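So this one's run.pdb, PDB, C-alpha atoms and all ligand atoms:
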ATOM      1  CA  MET D   1       0.000   0.000   0.000  1.00  0.00           C
ATOM      2  CA  SER D   2       1.203   3.511  -0.861  1.00  0.00           C
ATOM      3  CA  ASP D   3       1.751   6.053   1.896  1.00  0.00           C
ATOM      4  CA  GLU D   4       1.516   9.005  -0.508  1.00  0.00           C
ATOM      5  CA  PRO D   5      -0.575  11.906   0.783  1.00  0.00           C
ATOM      6  CA  THR D   6      -4.017  11.924  -0.813  1.00  0.00           C
ATOM      7  CA  VAL D   7      -5.717  15.059  -2.063  1.00  0.00           C
ATOM      8  CA  LEU D   8      -9.472  15.298  -2.549  1.00  0.00           C
ATOM      9  CA  ILE D   9     -10.342  17.445  -5.592  1.00  0.00           C
ATOM     10  CA  LEU D  10     -13.969  18.538  -5.465  1.00  0.00           C
ATOM     11  CA  ASN D  11     -15.992  20.054  -8.288  1.00  0.00           C
ATOM     12  CA  GLY D  12     -19.431  21.548  -7.774  1.00  0.00           C
ATOM     13  CA  PRO D  13     -22.550  22.150  -9.828  1.00  0.00           C
ATOM     14  CA  ASN D  14     -22.530  22.314 -13.624  1.00  0.00           C
ATOM     15  CA  LEU D  15     -18.814  21.630 -13.921  1.00  0.00           C
ATOM     16  CA  ASN D  16     -19.790  18.316 -15.548  1.00  0.00           C
ATOM     17  CA  MET D  17     -20.841  20.525 -18.490  1.00  0.00           C
ATOM     18  CA  LEU D  18     -17.299  21.727 -19.178  1.00  0.00           C
ATOM     19  CA  GLY D  19     -16.247  21.430 -22.798  1.00  0.00           C
ATOM     20  CA  VAL D  20     -19.888  21.066 -23.846  1.00  0.00           C
ATOM     21  CA  ARG D  21     -21.193  24.652 -23.397  1.00  0.00           C
ATOM     22  CA  GLU D  22     -19.736  28.162 -22.930  1.00  0.00           C
ATOM     23  CA  PRO D  23     -16.189  27.487 -24.211  1.00  0.00           C
ATOM     24  CA  SER D  24     -15.563  31.255 -24.380  1.00  0.00           C
ATOM     25  CA  ILE D  25     -15.705  31.434 -20.554  1.00  0.00           C
ATOM     26  CA  TYR D  26     -14.538  28.016 -19.401  1.00  0.00           C
ATOM     27  CA  GLY D  27     -12.445  26.723 -22.320  1.00  0.00           C
ATOM     28  CA  ARG D  28     -12.752  23.504 -24.343  1.00  0.00           C
ATOM     29  CA  ASP D  29     -11.360  21.026 -21.842  1.00  0.00           C
ATOM     30  CA  THR D  30     -13.811  18.578 -20.322  1.00  0.00           C
ATOM     31  CA  LEU D  31     -13.828  17.682 -16.635  1.00  0.00           C
ATOM     32  CA  GLY D  32     -12.336  14.331 -17.714  1.00  0.00           C
ATOM     33  CA  ASP D  33      -9.421  16.209 -19.346  1.00  0.00           C
ATOM     34  CA  ILE D  34      -8.885  18.157 -16.107  1.00  0.00           C
ATOM     35  CA  GLU D  35      -8.958  14.946 -14.070  1.00  0.00           C
ATOM     36  CA  ALA D  36      -6.328  13.361 -16.355  1.00  0.00           C
ATOM     37  CA  ALA D  37      -4.077  16.444 -16.135  1.00  0.00           C
ATOM     38  CA  CYS D  38      -4.402  16.428 -12.322  1.00  0.00           C
ATOM     39  CA  ALA D  39      -3.529  12.715 -12.153  1.00  0.00           C
ATOM     40  CA  ASP D  40      -0.344  13.338 -14.195  1.00  0.00           C
ATOM     41  CA  ARG D  41       0.754  16.306 -12.077  1.00  0.00           C
ATOM     42  CA  ALA D  42      -0.066  14.505  -8.839  1.00  0.00           C
ATOM     43  CA  GLU D  43       2.111  11.566  -9.873  1.00  0.00           C
ATOM     44  CA  ALA D  44       5.045  13.926 -10.468  1.00  0.00           C
ATOM     45  CA  LEU D  45       4.466  15.430  -7.002  1.00  0.00           C
ATOM     46  CA  ASP D  46       4.154  12.028  -5.256  1.00  0.00           C
ATOM     47  CA  LEU D  47       0.540  12.735  -4.354  1.00  0.00           C
ATOM     48  CA  SER D  48      -2.499  10.607  -5.035  1.00  0.00           C
ATOM     49  CA  VAL D  49      -5.746  12.271  -6.059  1.00  0.00           C
ATOM     50  CA  ASP D  50      -9.398  11.491  -5.587  1.00  0.00           C
ATOM     51  CA  PHE D  51     -11.282  13.614  -8.161  1.00  0.00           C
ATOM     52  CA  ARG D  52     -15.057  14.054  -7.810  1.00  0.00           C
ATOM     53  CA  GLN D  53     -17.969  16.163  -9.117  1.00  0.00           C
ATOM     54  CA  THR D  54     -21.511  16.579  -7.882  1.00  0.00           C
ATOM     55  CA  ASN D  55     -24.397  18.946  -8.497  1.00  0.00           C
ATOM     56  CA  HIS D  56     -25.567  18.584  -4.868  1.00  0.00           C
ATOM     57  CA  GLU D  57     -24.460  20.842  -2.013  1.00  0.00           C
ATOM     58  CA  GLY D  58     -25.142  18.218   0.692  1.00  0.00           C
ATOM     59  CA  GLU D  59     -23.016  15.653  -1.113  1.00  0.00           C
ATOM     60  CA  LEU D  60     -20.097  18.099  -1.145  1.00  0.00           C
ATOM     61  CA  VAL D  61     -20.584  18.671   2.609  1.00  0.00           C
ATOM     62  CA  GLY D  62     -20.600  14.899   3.229  1.00  0.00           C
ATOM     63  CA  TRP D  63     -17.433  14.353   1.190  1.00  0.00           C
ATOM     64  CA  ILE D  64     -15.663  17.177   3.055  1.00  0.00           C
ATOM     65  CA  GLN D  65     -16.668  15.662   6.411  1.00  0.00           C
ATOM     66  CA  GLU D  66     -15.286  12.257   5.343  1.00  0.00           C
ATOM     67  CA  ALA D  67     -12.055  13.841   4.085  1.00  0.00           C
ATOM     68  CA  ARG D  68     -11.058  14.754   7.641  1.00  0.00           C
ATOM     69  CA  SER D  69     -10.055  11.133   8.267  1.00  0.00           C
ATOM     70  CA  ALA D  70      -9.407   9.934   4.692  1.00  0.00           C
ATOM     71  CA  HIS D  71      -7.440  12.693   2.913  1.00  0.00           C
ATOM     72  CA  ASP D  72      -4.562  15.088   3.561  1.00  0.00           C
ATOM     73  CA  GLY D  73      -5.874  18.162   1.751  1.00  0.00           C
ATOM     74  CA  ILE D  74      -8.792  19.516  -0.282  1.00  0.00           C
ATOM     75  CA  ILE D  75      -8.769  21.389  -3.589  1.00  0.00           C
ATOM     76  CA  ILE D  76     -12.222  22.738  -4.361  1.00  0.00           C
ATOM     77  CA  ASN D  77     -13.995  24.447  -7.216  1.00  0.00           C
ATOM     78  CA  ALA D  78     -17.440  24.688  -5.650  1.00  0.00           C
ATOM     79  CA  GLY D  79     -18.893  26.438  -8.725  1.00  0.00           C
ATOM     80  CA  ALA D  80     -21.811  28.713  -7.877  1.00  0.00           C
ATOM     81  CA  TYR D  81     -21.993  27.302  -4.314  1.00  0.00           C
ATOM     82  CA  SER D  82     -18.718  29.142  -3.673  1.00  0.00           C
ATOM     83  CA  HIS D  83     -20.719  32.379  -3.591  1.00  0.00           C
ATOM     84  CA  THR D  84     -23.659  31.139  -1.504  1.00  0.00           C
ATOM     85  CA  SER D  85     -22.775  28.275   0.810  1.00  0.00           C
ATOM     86  CA  ILE D  86     -22.079  28.889   4.486  1.00  0.00           C
ATOM     87  CA  ALA D  87     -22.503  25.107   4.894  1.00  0.00           C
ATOM     88  CA  LEU D  88     -19.505  24.435   2.655  1.00  0.00           C
ATOM     89  CA  MET D  89     -17.423  27.052   4.466  1.00  0.00           C
ATOM     90  CA  ASP D  90     -18.290  25.513   7.853  1.00  0.00           C
ATOM     91  CA  ALA D  91     -17.473  21.993   6.640  1.00  0.00           C
ATOM     92  CA  LEU D  92     -14.122  23.099   5.189  1.00  0.00           C
ATOM     93  CA  GLN D  93     -13.190  24.908   8.407  1.00  0.00           C
ATOM     94  CA  ALA D  94     -14.187  21.880  10.512  1.00  0.00           C
ATOM     95  CA  SER D  95     -12.068  19.554   8.348  1.00  0.00           C
ATOM     96  CA  GLU D  96      -8.876  21.194   9.689  1.00  0.00           C
ATOM     97  CA  LEU D  97      -7.221  20.213   6.383  1.00  0.00           C
ATOM     98  CA  PRO D  98      -5.273  22.495   4.042  1.00  0.00           C
ATOM     99  CA  VAL D  99      -7.716  23.922   1.462  1.00  0.00           C
ATOM    100  CA  VAL D 100      -7.009  25.533  -1.921  1.00  0.00           C
ATOM    101  CA  GLU D 101      -9.915  27.107  -3.812  1.00  0.00           C
ATOM    102  CA  VAL D 102      -9.820  27.112  -7.629  1.00  0.00           C
ATOM    103  CA  HIS D 103     -11.925  28.848 -10.259  1.00  0.00           C
ATOM    104  CA  LEU D 104     -11.372  28.380 -13.978  1.00  0.00           C
ATOM    105  CA  SER D 105     -12.554  31.898 -14.815  1.00  0.00           C
ATOM    106  CA  ASN D 106     -11.375  35.191 -13.356  1.00  0.00           C
ATOM    107  CA  ILE D 107     -14.321  35.748 -10.997  1.00  0.00           C
ATOM    108  CA  PHE D 108     -13.224  39.382 -10.413  1.00  0.00           C
ATOM    109  CA  ARG D 109     -13.722  40.231 -14.093  1.00  0.00           C
ATOM    110  CA  ARG D 110     -17.263  38.900 -14.019  1.00  0.00           C
ATOM    111  CA  ASP D 111     -20.567  39.784 -12.315  1.00  0.00           C
ATOM    112  CA  SER D 112     -20.140  41.458  -8.907  1.00  0.00           C
ATOM    113  CA  PHE D 113     -22.019  38.600  -7.184  1.00  0.00           C
ATOM    114  CA  ARG D 114     -19.076  36.355  -8.099  1.00  0.00           C
ATOM    115  CA  HIS D 115     -16.498  38.600  -6.385  1.00  0.00           C
ATOM    116  CA  PHE D 116     -17.227  37.220  -2.905  1.00  0.00           C
ATOM    117  CA  THR D 117     -16.805  33.562  -2.024  1.00  0.00           C
ATOM    118  CA  TYR D 118     -17.570  31.897   1.319  1.00  0.00           C
ATOM    119  CA  VAL D 119     -15.135  29.125   0.379  1.00  0.00           C
ATOM    120  CA  SER D 120     -12.245  31.606   0.337  1.00  0.00           C
ATOM    121  CA  LEU D 121     -12.869  32.322   4.043  1.00  0.00           C
ATOM    122  CA  ALA D 122     -11.942  28.683   4.721  1.00  0.00           C
ATOM    123  CA  ALA D 123      -9.108  28.439   2.157  1.00  0.00           C
ATOM    124  CA  ASP D 124      -5.352  28.720   2.601  1.00  0.00           C
ATOM    125  CA  GLY D 125      -5.095  30.024  -0.953  1.00  0.00           C
ATOM    126  CA  VAL D 126      -7.262  30.956  -3.940  1.00  0.00           C
ATOM    127  CA  ILE D 127      -6.432  30.612  -7.649  1.00  0.00           C
ATOM    128  CA  CYS D 128      -8.696  31.974 -10.389  1.00  0.00           C
ATOM    129  CA  GLY D 129      -8.638  32.911 -14.046  1.00  0.00           C
ATOM    130  CA  LEU D 130      -5.987  30.450 -15.209  1.00  0.00           C
ATOM    131  CA  GLY D 131      -8.238  27.705 -16.520  1.00  0.00           C
ATOM    132  CA  VAL D 132      -7.027  24.110 -16.144  1.00  0.00           C
ATOM    133  CA  GLN D 133      -3.589  25.352 -15.085  1.00  0.00           C
ATOM    134  CA  GLY D 134      -5.215  26.612 -11.869  1.00  0.00           C
ATOM    135  CA  TYR D 135      -5.875  23.029 -10.755  1.00  0.00           C
ATOM    136  CA  LEU D 136      -2.231  22.085 -11.444  1.00  0.00           C
ATOM    137  CA  LEU D 137      -0.923  25.110  -9.540  1.00  0.00           C
ATOM    138  CA  ALA D 138      -3.268  24.188  -6.685  1.00  0.00           C
ATOM    139  CA  LEU D 139      -1.685  20.718  -6.569  1.00  0.00           C
ATOM    140  CA  GLU D 140       1.807  22.276  -6.417  1.00  0.00           C
ATOM    141  CA  ALA D 141       0.691  24.522  -3.557  1.00  0.00           C
ATOM    142  CA  MET D 142      -1.022  21.619  -1.803  1.00  0.00           C
ATOM    143  CA  ALA D 143       2.163  19.501  -1.902  1.00  0.00           C
ATOM    144  CA  ARG D 144       3.929  22.253   0.069  1.00  0.00           C
ATOM    145  CA  LEU D 145       1.028  22.868   2.459  1.00  0.00           C
ATOM    146  CA  ILE D 146       0.905  19.138   3.339  1.00  0.00           C
ATOM    147  CA  GLN D 147       4.687  18.984   3.812  1.00  0.00           C
ATOM    148  CA  GLU D 148       4.596  21.998   6.108  1.00  0.00           C
ATOM    149  CA  LYS D 149       1.855  20.399   8.200  1.00  0.00           C
ATOM    150  CA  GLU D 150       3.760  17.113   8.686  1.00  0.00           C
TER
HETATM  151  O1  LIG S 201     -14.827  29.863 -12.870  1.00  0.00           O
HETATM  152  C1  LIG S 201     -15.206  28.898 -12.211  1.00  0.00           C
HETATM  153  O2  LIG S 201     -14.563  27.852 -12.120  1.00  0.00           O
HETATM  154  C2  LIG S 201     -16.566  28.963 -11.511  1.00  0.00           C
HETATM  155  O3  LIG S 201     -16.459  28.267 -10.270  1.00  0.00           O
HETATM  156  C3  LIG S 201     -17.547  28.271 -12.429  1.00  0.00           C
HETATM  157  C4  LIG S 201     -18.983  28.345 -11.920  1.00  0.00           C
HETATM  158  C5  LIG S 201     -19.372  29.775 -11.601  1.00  0.00           C
HETATM  159  O4  LIG S 201     -20.666  29.810 -11.014  1.00  0.00           O
HETATM  160  C6  LIG S 201     -18.384  30.422 -10.638  1.00  0.00           C
HETATM  161  O5  LIG S 201     -18.769  31.762 -10.428  1.00  0.00           O
HETATM  162  C7  LIG S 201     -16.980  30.394 -11.209  1.00  0.00           C
HETATM  163  C8  LIG S 201     -19.948  27.802 -12.972  1.00  0.00           C
HETATM  164  C9  LIG S 201     -19.632  26.442 -13.457  1.00  0.00           C
HETATM  165  C10 LIG S 201     -20.530  26.172 -14.641  1.00  0.00           C
HETATM  166  O6  LIG S 201     -19.773  25.517 -15.608  1.00  0.00           O
HETATM  167  C11 LIG S 201     -20.325  25.406 -16.854  1.00  0.00           C
HETATM  168  C12 LIG S 201     -19.507  24.862 -17.804  1.00  0.00           C
HETATM  169  C13 LIG S 201     -19.958  24.730 -19.083  1.00  0.00           C
HETATM  170  C14 LIG S 201     -21.241  25.117 -19.412  1.00  0.00           C
HETATM  171  C15 LIG S 201     -22.060  25.654 -18.432  1.00  0.00           C
HETATM  172  C16 LIG S 201     -21.596  25.789 -17.151  1.00  0.00           C
END
Whole structure given in structure tokens:
Amino acid sequence: MSDEPTVLILNGPNLNMLGVREPSIYGRDTLGDIEAACADRAEALDLSVDFRQTNHEGELVGWIQEARSAHDGIIINAGAYSHTSIALMDALQASELPVVEVHLSNIFRRDSFRHFTYVSLAADGVICGLGVQGYLLALEAMARLIQEKE
């Protein structure tokens, strides 16, 4: 059995539509492409990844609660729930794990209701506007955050 640190990568509502609609905002990569890129980068960083997507807020909360005992860090693109969910913020804070928030688009260039995120109040760092590369940078940052915690 491997003793590599494991990182939970969570994706929220509508991100399963990536590559299918709105390529001008979110690019042409599918969520499957992002998962494959994360798996490659994680291998180079000696991390293992558990990559998931759901359209349901409660499922995200449940996965975050389970991560406390099963994972070493959380990377999260909570989609629109980022801007609305106190429940997600509470769960992330209670996990006591390192958290990096990612957004594909530059949320500060978009509608003002996207400028605030509850998730960022529970995150060690936030990356936005860099598309798929944001997930890979989040993995790099997570490798260091986990090392520092050990
Ligand atoms: O930029 C991001 O990654 C977002 O988290 C994406 C969310 C949006 O609500 C956030 O403000 C920023 C939306 C995800 C919806 O993704 C779609 C992809 C293709 C087609 C339709 C929606």
Practice prompt. For each of D:Leu121, D:Leu97, D:Ile34, D:Val20, take the minimum atom-to-atom distance to ligand LIG 201 (chain S), counting only C-alpha atoms and all ligand atoms, then give the residue where this is smallest.
Written response: D:Val20
Close residues, Ile25 (chain D) itself excluded, 10 Å, only C-alpha atoms, min 2 positions apart in chain, as an mmCIF file with C-alpha atoms, keeping the file's coordinate frame:
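This is the output file result_22.cif:
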data_model
loop_
_atom_site.group_PDB
_atom_site.id
_atom_site.type_symbol
_atom_site.label_atom_id
_atom_site.label_comp_id
_atom_site.auth_asym_id
_atom_site.auth_seq_id
_atom_site.Cartn_x
_atom_site.Cartn_y
_atom_site.Cartn_z
ATOM 1 C CA LEU D 18 -17.299 21.727 -19.178
ATOM 2 C CA ARG D 21 -21.193 24.652 -23.397
ATOM 3 C CA GLU D 22 -19.736 28.162 -22.930
ATOM 4 C CA PRO D 23 -16.189 27.487 -24.211
ATOM 5 C CA GLY D 27 -12.445 26.723 -22.320
ATOM 6 C CA ARG D 28 -12.752 23.504 -24.343
ATOM 7 C CA LEU D 104 -11.372 28.380 -13.978
ATOM 8 C CA SER D 105 -12.554 31.898 -14.815
ATOM 9 C CA ASN D 106 -11.375 35.191 -13.356
ATOM 10 C CA GLY D 129 -8.638 32.911 -14.046
ATOM 11 C CA GLY D 131 -8.238 27.705 -16.520
#
Discussion item. 10 Å from ligand LIG 201 (chain S) is the threshold here; counting only C-alpha atoms and all ligand atoms, which polymer residues fall inside it? Answer as a PyMOL selection string.
Written reply: chain D and resi 11-31+76-83+101-108+110-117+127-132+134
Practice prompt. Go through D:Ala94, D:Ala123, D:Leu136, D:Val99 one by one, measure the shortest atom-to-atom distance of each to Arg68 (chain D) using all atoms listed in the file, and give the residue with the smallest value.
Written response: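 Of D:Ala94, D:Ala123, D:Leu136, D:Val99, the one nearest Arg68 (chain D), counting all atoms listed in the file, is D:Ala94.
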Worksheet item: Between D:Leu47, D:Met89, D:Val119, D:Val126, which is the closest to Leu8 (chain D) once you count only C-alpha atoms?
Response: D:Leu47
Response to the item:
In Å and to one decimal, CA of Val49 (chain D) is distant from CA of Leu92 (chain D) by 17.7 Å
Can you pull out the residues contacting Ala70 (chain D)? Cut-off 12 Å, using only C-alpha atoms, and skip same-chain residues under 4 positions away; I want them as a short mmCIF file (atom, residue, chain, number, x, y, z; two decimals) with C-alpha atoms, keeping the file's coordinate frame.
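This went into out.cif:
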data_model
loop_
_atom_site.label_atom_id
_atom_site.label_comp_id
_atom_site.auth_asym_id
_atom_site.auth_seq_id
_atom_site.Cartn_x
_atom_site.Cartn_y
_atom_site.Cartn_z
CA PRO D 5 -0.57 11.91 0.78
CA THR D 6 -4.02 11.92 -0.81
CA VAL D 7 -5.72 15.06 -2.06
CA LEU D 8 -9.47 15.30 -2.55
CA SER D 48 -2.50 10.61 -5.04
CA VAL D 49 -5.75 12.27 -6.06
CA ASP D 50 -9.40 11.49 -5.59
CA TRP D 63 -17.43 14.35 1.19
CA ILE D 64 -15.66 17.18 3.06
CA GLN D 65 -16.67 15.66 6.41
CA GLU D 66 -15.29 12.26 5.34
CA ILE D 74 -8.79 19.52 -0.28
CA SER D 95 -12.07 19.55 8.35
CA LEU D 97 -7.22 20.21 6.38
#
Discussion item. To one decimal place in Å, what is the distance between CA of His71 (chain D) and CA of Glu57 (chain D)?
Written reply: 19.5 Å
Worksheet item: Which distance in Å separates CA of Val100 (chain D) and CA of Asp124 (chain D), to one decimal?
Response: 5.8 Å
Discussion item. Measuring between all atoms listed in the file, which one of D:Arg144, D:Leu88, D:Leu60, D:Leu139 shows the shortest distance to Asp40 (chain D)?
Written reply: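 Among the listed residues, the smallest separation from Asp40 (chain D) belongs to D:Leu139.
Residue nearest Met142 (chain D) within the list D:Gly32, D:Ile75, D:Gln93, D:Glu43: D:Ile75 [criterion: smallest interatomic distance, all atoms listed in the file].
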Practice prompt. Point out the residue among D:Ala37, D:Ala91, D:Ala42, D:Ile9 with the least atom-to-atom distance to Gln133 (chain D), counting only C-alpha atoms.
Written response: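 Closest to Gln133 (chain D) of all the choices is D:Ala37.
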